[in-house]
Every structure is written in structure tokens, then in C-alpha cells.
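Colleague: For reference, the structure I am asking about is given below.
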Amino acid sequence: MKLKELIKGLKVVEYEGDLEIEIGSIAYDSRKSREGSVFVCIEGFKVDGHKYIPQAIENGTKAFIVQKEVEMPDGMSVVRVEDTRYALSSIADMFFGHPSEKFNLIGITGTKGKTTTTYMIKSVLEEYGQKVGLIGTIANMIGEEMLPTDRTTPESYDLQELFSEMVQKDVKSVVMEVSSHALELHRVSCSEYDIGVFTNLSREHLDFHKTFENYLEAKIKLFGMCKKGLINIDNEFGRKVVDRAGCEVYTMGIDNKADIRAVDIVHHPNSVDFKVVSPWFEGKISVSIPGKFSVYNALAAIGSCGLMGVPFEHIQKGLAGIRVPGRAEIVDVGKDYTVMIDYAHSPDSLENILTTIKAYAPGRVVSVFGCGGDRDKTKRPVMGRISGQLADFTIITSDNPRTEDPEMIINDIEEGIKKTGAAYIKIVDRREAIKYALMNARPKDIIVLAGKGHENYIILKDKTIHFDEREVIREILNESTN
């Protein structure tokens, strides 16, 4: 493809050199830029791609897209645009032939519920007989094929490349998590969304967005990019999304005037039942993940699939046996107590899971959790207070301390739990914290390991170590019997 064809649709500030040059690949990392590549210079938060132009030239690259004025040697083709992040998204979409136009694309955004909702939709569509692509926090998948992932939403070039692979492998629908970072940084720009879903909004990611208003604005962007929007109006910010959406809107909620709503909800220890009322059908739904939050996630899945014309019986079957790694995941320990792993790492999510478990726990609820380093510090005492109020016993420990001192993070959490007068202990080493919980468990206890969920690592100051809580549990129990 010629450079002039690739940049169609971009607002070009100026250019020099030959726009007829043939482009065989796109690179935004100079180490991957080669002869025949166009190198897109992204000005990142830590690294500025413009500084790596000499390396790309040394690798044989002669075509560049920049947003700064740069001095270049003779013979180079240089296109300057206002925003190279958007440019990368646009040229990647062009290069791969607009792949997202060739399947149903469903984007899920919100603070919580994105991962579970994508898995629910995938389960339903597969029950309906479709081959489904999934993109998100836990994994990227093409049918049952697992692909590596290192962020919730891939960089725009990687996303369009993945879309293209999905087209080649006959995927009919793709469901993906759309993070606020991705919306703000143009990772999903130029993607053709058939349906956009808003699950909820709560205090999170303010280290990036700075203000809650900026965070909300980022989420709203999805609803200017999709044909139909499905929005949770029980969340206090849902109405703002409805008012600002630039698409056809459907609403969802519990016992209200929403288009898709849940009534007659019955909670069980390991599941939740309700009747769904929608424009297309109504009937009983059973979801094999407990809690009120599961009702909302299921409504998002039901509404999305309803908009796609999926028959009700396939929706019922798809939700009845849903399993999501690290979301209210029960670990089989063969003991007279229960161990649950959940990704809860914010005040809202910790409160949700502990409230759900507390309502049905036959014994004590033991909460094991920590807070990530280099992230919003204000939530730490709040999460301490929540665990103190809802759990019978709390073990405060580490969770991705990054560059911070884990003991200082734990002390921040402790400030909140102290005020509740609840029973707790501090154990910095997460493995030792889990061991303490297992070795001191009583019959009928439910131990909730919160914060890691699907993650199989811990991020420290100078390295990332392997840490899969399922493996850790098995190792500890094996040691105790030997």
C-alpha cells in the first residue's frame, strides 16, 4: 500500500518527500521498524518515539509519521499530523482493510464488570453457534485459542492486526473490554462498534485521568463510536451517559423503567436467579456467579445479545454455566471450609464480593487483601474500613506494591480498619498471609482472597515474580500434609 493511500482521512499539517513510497509494514517501536516500514512516532508518558528516528533510519526505514517538527536526512518521506496516536489507529485500520466492519463488534466499558460481561456474551454467542473473539484483561481469544495479553485493550496497531486475524479465522462476533485509557489514547479509534455497553462508574484510575470528570468523559467517547448503546441507568452516572450518547440508546437496570430489567431476584450462595423483562422476550435467568453485581453483568450480556437477535433459549443456556477466571472463583481444596479467589481491588468491588458472601456464609468470612502501589492512595483506608465492617476477620497483605514500601501501603489500609474495631492481622508476605488463612481456617469458613483474581504475578520494585494463588494454595496444603 502506498503512503498516500495509508494517510487518507488524516489531517496532514505538512509533508515532505515521496508519498508514492510503498509501505509493507507499520511500526511504533523503532526496534521493529524495517525497510518498507512506516515508523509512527508516539510521544508517550515516559518515552518519546521522535527520539528514536535515527535507530529506525539505521534499520532501513524511509517513511515517518510525526507530530513534532523534526530534522531529517535527504530521501526520507515525512508526514506531520496533529496527533500520531490517532494517526496510528487510522493507518492501522486502513492497512488491514477495515477489519472491524466484517464482524459484529461489542465494546464493554465501565469501572467494574467489563471482564465478566465479555465472558458472558462470549458464552451466549457460542451457545448460539457463533465463533467468537474476545479481547480483555484475562486473555485474548479466538474461539478456544488463547493469545497473550498485557493490557486490557491493545495498542491500536496490535488491535487492528488482531481484528484482521479474527476475520481470517472466520470469527462472526468480537466482544472486547474498552478501557478509559484506550478511549483517551485512541487505541480504539476507527473501530466500527455495533454495540457499546456502559456497566457502571466509580472512583478509579485517577492517577491517569486526574479528575473524575475526565474519567467520565473518556467513557462517554465510546457512545459516539457505536451504532447502539446499552447503558446501566441504576448507576448514578448512567443518565449522564444516556444524555451525551451519540447513538441509539437502550437502558438496563433493576426494578425500574429500563428497557432491559431484572425483577423477582433470588440470591443463592453460588448463583442468582431472576426474571428478565426486555423488548424482545421475558423469562427466567439463572447465572452461576452469585451476587447483585452478577445481575447487572448478566443484564448487559442479555441486552447485547438481544440487540443482536439471539434467541432467548441460547441466552439462558449461555448464562447458566458461565465461569470466569478470578471472578468469584471457588478453589477446590477438599476441606470443610471454602476458598474463593476474586479480582476485587477497589472499594466498590471489595464491598460487593464481601456483602454477597456475608449474606450466605455458614461460618466466618475471612478477607485477605492488599492495595497496589503507585495507585490511588485514598482508597486504601476506605477498603480497610469496608473489610472491617463486612468480614469477621481480615488479613491485610501485599498486592503489587511496585515502587512503594509494602508495609507503608498496609499501614494506610490499617488506618481504615482500626476505626471499625474489627479483628485483623498484618502479614506483608502474601504467601504467608494465605498460609495463615488456610492453617487457621475453621469449619464452614469462607476465605476470600481478593485483589489478584486472574493475575499470576506480583509486581515488586525491581522485578515481577510468578504468583498464581491457585498454585500457592495447593503448595501450602501439600506442605501441611507432608
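We label chains A, B, ... in the order they appear in the C-alpha cells, count residues from 1 in each chain, and number ligands from 1 in the order shown.
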Can you pull out the residues contacting range 91-106 of chain A? Cut-off 6 Å, using only C-alpha atoms, and skip same-chain residues under 2 positions away; I want them as a ChimeraX atom specification.
Modeller: /A:6,88-89,157,160,163-164,172-175,191-196
Colleague: Compile the contact shell of Gly283 in chain A as a list in words: residues with an atom at most 9 Å away, counting only C-alpha atoms, same-chain residues fewer than 5 positions apart removed.
Modeller: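 So, after excluding close chain neighbours, the residues are Phe274, Lys275, Val276, Val277, Phe312 and Gln316 of chain A.
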Colleague: Hey, can you spit out that residue selection with N, CA and C atoms as a PDB file, in the first residue's frame?
Modeller:
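Dumped everything to result-v6.pdb:
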```pdb
ATOM      1  N   PHE A 274     -33.261 -14.645  38.377  1.00  0.00           N
ATOM      2  CA  PHE A 274     -34.178 -13.504  38.236  1.00  0.00           C
ATOM      3  C   PHE A 274     -35.000 -13.659  36.961  1.00  0.00           C
ATOM      4  N   LYS A 275     -36.010 -12.846  36.858  1.00  0.00           N
ATOM      5  CA  LYS A 275     -36.800 -12.783  35.635  1.00  0.00           C
ATOM      6  C   LYS A 275     -36.355 -11.558  34.856  1.00  0.00           C
ATOM      7  N   VAL A 276     -36.056 -11.735  33.588  1.00  0.00           N
ATOM      8  CA  VAL A 276     -35.674 -10.594  32.752  1.00  0.00           C
ATOM      9  C   VAL A 276     -36.883 -10.166  31.925  1.00  0.00           C
ATOM     10  N   VAL A 277     -37.060  -8.850  31.843  1.00  0.00           N
ATOM     11  CA  VAL A 277     -38.114  -8.261  31.009  1.00  0.00           C
ATOM     12  C   VAL A 277     -37.404  -7.373  29.991  1.00  0.00           C
ATOM     13  N   PHE A 312     -33.853 -16.385  23.023  1.00  0.00           N
ATOM     14  CA  PHE A 312     -33.803 -16.396  24.491  1.00  0.00           C
ATOM     15  C   PHE A 312     -33.232 -17.691  25.050  1.00  0.00           C
ATOM     16  N   GLN A 316     -30.305 -18.128  27.924  1.00  0.00           N
ATOM     17  CA  GLN A 316     -30.469 -18.885  29.167  1.00  0.00           C
ATOM     18  C   GLN A 316     -29.345 -19.905  29.359  1.00  0.00           C
TER      19      GLN A 316
END
```
Colleague: If you measure from CA of Ala245 in chain A to CA of Ser189 in chain A, what distance in Å do you get, rounded to one decimal?
Modeller: 16.3 Å
Colleague: Can you pull out every residue within 9 Å of range 430-433 of chain A, counting only C-alpha atoms, but drop anything in the same chain fewer than 2 positions away, and send it as a list in words?
Modeller: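 Selected residues are Val368, Phe369, Gly370, Ile395, Ile396, Thr397, Ser398, Asp399, Lys426, Ile427, Val428, Lys435, Tyr436, Ala437, Leu438, Phe467, Glu469, Val472, Ile473 and Ile476 of chain A.
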Colleague: May I ask which of the residues A:Leu125, A:Val366, A:Leu307, A:Val295 is the closest one to Asn232 in chain A, counting only C-alpha atoms?
Modeller: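 Once distances to Asn232 in chain A are computed over only C-alpha atoms, the minimum belongs to A:Val295.
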Colleague: Would you give me, as a PyMOL selection string, the residues in range 77-240 of chain A that DSSP reads as strand (DSSP E)?
Modeller: chain A and resi 77-81+104-109+132-135+140-142+145-147+173-177+193-198+226-232
Colleague: Select from range 368-430 of chain A every residue with an atom at most 8 Å from any atom of range 333-354 of chain A, then for each give the shortest pair of atoms and their distance in Å to one decimal, using only C-alpha atoms, rows by chain and rising number, as a Markdown table.
Modeller:
```
| residue | atom | partner | partner_atom | distance |
| --- | --- | --- | --- | --- |
| A:Gly370 | CA | A:His345 | CA | 7.9 |
| A:Cys371 | CA | A:His345 | CA | 6.9 |
| A:Lys379 | CA | A:Pro347 | CA | 6.6 |
| A:Val382 | CA | A:Pro347 | CA | 6.5 |
| A:Met383 | CA | A:Pro347 | CA | 5.1 |
| A:Ile386 | CA | A:Glu351 | CA | 6.2 |
| A:Ser387 | CA | A:Glu351 | CA | 7.5 |
| A:Leu390 | CA | A:Leu354 | CA | 6.2 |
| A:Ala391 | CA | A:Leu354 | CA | 6.8 |
```
Colleague: Generate a file of the selected residues that holds C-alpha atoms, formatted as a PDB file, in the first residue's frame.
Modeller:
```
ATOM      1  CA  GLY A 370      -3.989  -5.549  49.931  1.00  0.00           C
ATOM      2  CA  CYS A 371      -3.735  -2.480  47.703  1.00  0.00           C
ATOM      3  CA  LYS A 379      -8.931   4.123  48.570  1.00  0.00           C
ATOM      4  CA  VAL A 382     -11.686   3.002  52.641  1.00  0.00           C
ATOM      5  CA  MET A 383     -11.031  -0.633  51.729  1.00  0.00           C
ATOM      6  CA  ILE A 386     -15.091  -1.992  54.284  1.00  0.00           C
ATOM      7  CA  SER A 387     -13.287  -5.214  55.177  1.00  0.00           C
ATOM      8  CA  LEU A 390     -18.123  -6.846  56.486  1.00  0.00           C
ATOM      9  CA  ALA A 391     -15.577  -9.573  57.226  1.00  0.00           C
TER      10      ALA A 391
END
```
Colleague: Calculated over only C-alpha atoms, which of the candidates A:Tyr296, A:Phe223, A:Tyr424, A:Phe212 has the smallest distance to Phe393 in chain A?
Modeller: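 Going through A:Tyr296, A:Phe223, A:Tyr424, A:Phe212 one by one, the smallest distance to Phe393 in chain A is for A:Tyr424.
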Colleague: Quick one: everything within 12 Å of Glu69 in chain A, counting only C-alpha atoms, minus sequence neighbours fewer than 2 positions away in the same chain. Send it as a count of residues only.
Modeller: 18
Colleague: Just to confirm, what's the straight-line distance from CA of Cys247 in chain A to CA of Phe198 in chain A in Å (one decimal)?
Modeller: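 Taking CA of Cys247 in chain A as the start and CA of Phe198 in chain A as the end point, the length is 12.9 Å.
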Colleague: Counting only C-alpha atoms, what is within 6 Å of range 19-28 of chain A, bar same-chain residues fewer than 4 positions away, as a list of chain:residue names?
Modeller: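 Final neighbour list, sorted by chain and number: A:Met1, A:Lys2, A:Leu3, A:Lys4, A:Ser33, A:Gly36, A:Ser37, A:Val38, A:Phe39, A:Val40.
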Colleague: Store the residues picked out above in a file with N, CA and C atoms, as a PDB file, in the first residue's frame.
Modeller:
```pdb
ATOM      1  N   MET A   1       0.849  -1.188   0.000  1.00  0.00           N
ATOM      2  CA  MET A   1       0.000   0.000   0.000  1.00  0.00           C
ATOM      3  C   MET A   1       0.890   1.245   0.000  1.00  0.00           C
ATOM      4  N   LYS A   2       0.541   2.223  -0.831  1.00  0.00           N
ATOM      5  CA  LYS A   2       1.332   3.447  -0.904  1.00  0.00           C
ATOM      6  C   LYS A   2       1.044   4.340   0.307  1.00  0.00           C
ATOM      7  N   LEU A   3       2.055   5.130   0.693  1.00  0.00           N
ATOM      8  CA  LEU A   3       1.913   6.013   1.858  1.00  0.00           C
ATOM      9  C   LEU A   3       0.735   6.971   1.677  1.00  0.00           C
ATOM     10  N   LYS A   4       0.539   7.481   0.458  1.00  0.00           N
ATOM     11  CA  LYS A   4      -0.546   8.442   0.236  1.00  0.00           C
ATOM     12  C   LYS A   4      -1.922   7.806   0.476  1.00  0.00           C
ATOM     13  N   SER A  33      10.999  -1.475  13.361  1.00  0.00           N
ATOM     14  CA  SER A  33      10.905  -0.748  12.098  1.00  0.00           C
ATOM     15  C   SER A  33      11.973  -1.246  11.135  1.00  0.00           C
ATOM     16  N   GLY A  36      10.859  -0.636   4.270  1.00  0.00           N
ATOM     17  CA  GLY A  36       9.473  -0.821   3.850  1.00  0.00           C
ATOM     18  C   GLY A  36       8.455  -0.472   4.919  1.00  0.00           C
ATOM     19  N   SER A  37       8.949  -0.175   6.135  1.00  0.00           N
ATOM     20  CA  SER A  37       8.037   0.215   7.219  1.00  0.00           C
ATOM     21  C   SER A  37       7.732   1.702   7.164  1.00  0.00           C
ATOM     22  N   VAL A  38       6.612   2.083   7.742  1.00  0.00           N
ATOM     23  CA  VAL A  38       6.396   3.470   8.138  1.00  0.00           C
ATOM     24  C   VAL A  38       6.483   3.487   9.659  1.00  0.00           C
ATOM     25  N   PHE A  39       7.327   4.360  10.180  1.00  0.00           N
ATOM     26  CA  PHE A  39       7.522   4.448  11.634  1.00  0.00           C
ATOM     27  C   PHE A  39       6.685   5.604  12.168  1.00  0.00           C
ATOM     28  N   VAL A  40       5.758   5.287  13.075  1.00  0.00           N
ATOM     29  CA  VAL A  40       4.874   6.283  13.677  1.00  0.00           C
ATOM     30  C   VAL A  40       5.474   6.689  15.024  1.00  0.00           C
TER      31      VAL A  40
END
```
Colleague: Fewer than 3 positions away in the same chain doesn't count, so skip those; otherwise give me all residues within 10 Å of Arg364 in chain A, counting only C-alpha atoms, as JSON, numbers by chain.
Modeller: {"A": [337, 357, 358, 361, 367, 391, 392, 393, 441, 442, 443, 444, 445, 446, 447]}
Colleague: Calculated over only C-alpha atoms, which of the candidates A:Val188, A:Val365, A:Ile142, A:Val197 has the smallest distance to Gln168 in chain A?
Modeller: A:Ile142
Colleague: Running DSSP on the backbone, which parts of range 51-197 of chain A land in alpha helix (DSSP H), as a PyMOL selection string?
Modeller: chain A and resi 53-58+84-95+114-127+156-168+180-184
Colleague: Please produce a file of the residues just selected, as a compact mmCIF listing (two decimals), in the first residue's frame, where the atoms kept are C-alpha atoms.
Modeller:
```txt
# COMPACT_ATOMS: atom_id res chain seq x y z
CA ILE A 53 14.07 8.19 14.45
CA PRO A 54 17.86 7.64 13.93
CA GLN A 55 17.50 3.99 15.02
CA ALA A 56 14.61 3.47 12.58
CA ILE A 57 16.64 5.05 9.77
CA GLU A 58 19.56 2.78 10.63
CA THR A 84 0.24 10.48 15.99
CA ARG A 85 -1.77 8.29 18.39
CA TYR A 86 -4.87 8.86 16.28
CA ALA A 87 -2.78 8.51 13.12
CA LEU A 88 -1.55 5.08 14.22
CA SER A 89 -5.12 3.94 14.75
CA SER A 90 -6.26 5.31 11.39
CA ILE A 91 -3.44 3.91 9.26
CA ALA A 92 -3.61 0.52 11.01
CA ASP A 93 -7.32 0.30 10.24
CA MET A 94 -6.59 1.27 6.62
CA PHE A 95 -3.62 -1.11 6.30
CA LYS A 114 -16.15 -5.50 31.90
CA THR A 115 -14.36 -8.83 32.07
CA THR A 116 -17.28 -10.87 33.39
CA THR A 117 -19.67 -9.30 30.88
CA THR A 118 -17.40 -10.13 27.94
CA TYR A 119 -17.17 -13.76 29.06
CA MET A 120 -20.95 -13.91 29.48
CA ILE A 121 -21.55 -12.58 25.97
CA LYS A 122 -18.96 -14.97 24.52
CA SER A 123 -20.64 -17.90 26.29
CA VAL A 124 -24.08 -16.97 24.94
CA LEU A 125 -22.90 -16.37 21.36
CA GLU A 126 -21.03 -19.68 21.35
CA GLU A 127 -24.16 -21.39 22.63
CA SER A 156 -4.29 0.45 18.11
CA TYR A 157 -1.97 -1.27 15.61
CA ASP A 158 -1.98 -4.51 17.62
CA LEU A 159 -5.76 -4.31 17.93
CA GLN A 160 -6.31 -3.92 14.19
CA GLU A 161 -3.83 -6.72 13.49
CA LEU A 162 -5.77 -8.95 15.91
CA PHE A 163 -9.06 -7.96 14.26
CA SER A 164 -7.57 -8.93 10.90
CA GLU A 165 -6.52 -12.34 12.24
CA MET A 166 -10.03 -12.84 13.60
CA VAL A 167 -11.50 -12.09 10.18
CA GLN A 168 -9.15 -14.61 8.57
CA SER A 180 -10.83 4.51 29.61
CA HIS A 181 -7.11 4.62 28.77
CA ALA A 182 -7.85 3.07 25.38
CA LEU A 183 -10.56 5.63 24.65
CA GLU A 184 -8.40 8.56 25.74
```
Colleague: Do you know which residues are at most 6 Å from Gly110 in chain A counting only C-alpha atoms, after dropping those on the same chain fewer than 6 positions away, and could you put them as a list in words?
Modeller: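 Surrounding residues, per the criterion: Phe198, Thr199, Asn200 and Leu201 of chain A.
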Colleague: Pick out the closest residue to Tyr215 in chain A from this set: A:Gly306, A:Gly318, A:Val249, A:Thr109. Count only C-alpha atoms.
Modeller: A:Thr109
Colleague: Report the distance between CA of Ala359 in chain A and CA of Val287 in chain A in Å, rounded to one decimal place.
Modeller: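 Atom-to-atom, CA of Ala359 in chain A and CA of Val287 in chain A are spaced 17.4 Å apart.
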Colleague: Can you work out which one of A:Asn270, A:Asn297, A:Trp280, A:Ile465 has the shortest atom-to-atom distance to Met252 in chain A, counting only C-alpha atoms?
Modeller: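 Answer, going by the shortest atom-to-atom distance: A:Asn297.
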Colleague: Using only C-alpha atoms, tabulate the residues of range 384-468 of chain A lying at most 9 Å from any atom of range 324-327 of chain A, each with its closest atom pair and that distance in Å to one decimal, by chain and increasing residue number, as JSON lines.
Modeller:
```
{"residue": "A:Lys452", "atom": "CA", "partner": "A:Gly326", "partner_atom": "CA", "distance": 7.6}
{"residue": "A:Gly453", "atom": "CA", "partner": "A:Gly326", "partner_atom": "CA", "distance": 3.8}
{"residue": "A:His454", "atom": "CA", "partner": "A:Gly326", "partner_atom": "CA", "distance": 4.4}
{"residue": "A:Glu455", "atom": "CA", "partner": "A:Gly326", "partner_atom": "CA", "distance": 7.9}
```
Colleague: Would you mind exporting N, CA and C atoms of the selected residues as a tab-separated table (two decimals), in the first residue's frame?
Modeller:
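The file below, selection15.tsv, is the result:
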```tsv
chain	number	residue	atom	x	y	z
A	452	LYS	N	-6.10	-10.25	43.41
A	452	LYS	CA	-5.28	-10.80	42.32
A	452	LYS	C	-6.16	-11.42	41.22
A	453	GLY	N	-7.16	-12.16	41.61
A	453	GLY	CA	-8.06	-12.74	40.62
A	453	GLY	C	-7.33	-13.61	39.61
A	454	HIS	N	-7.41	-13.23	38.34
A	454	HIS	CA	-6.78	-13.98	37.25
A	454	HIS	C	-5.28	-13.78	37.19
A	455	GLU	N	-4.76	-12.74	37.85
A	455	GLU	CA	-3.33	-12.42	37.76
A	455	GLU	C	-2.48	-13.56	38.32
```
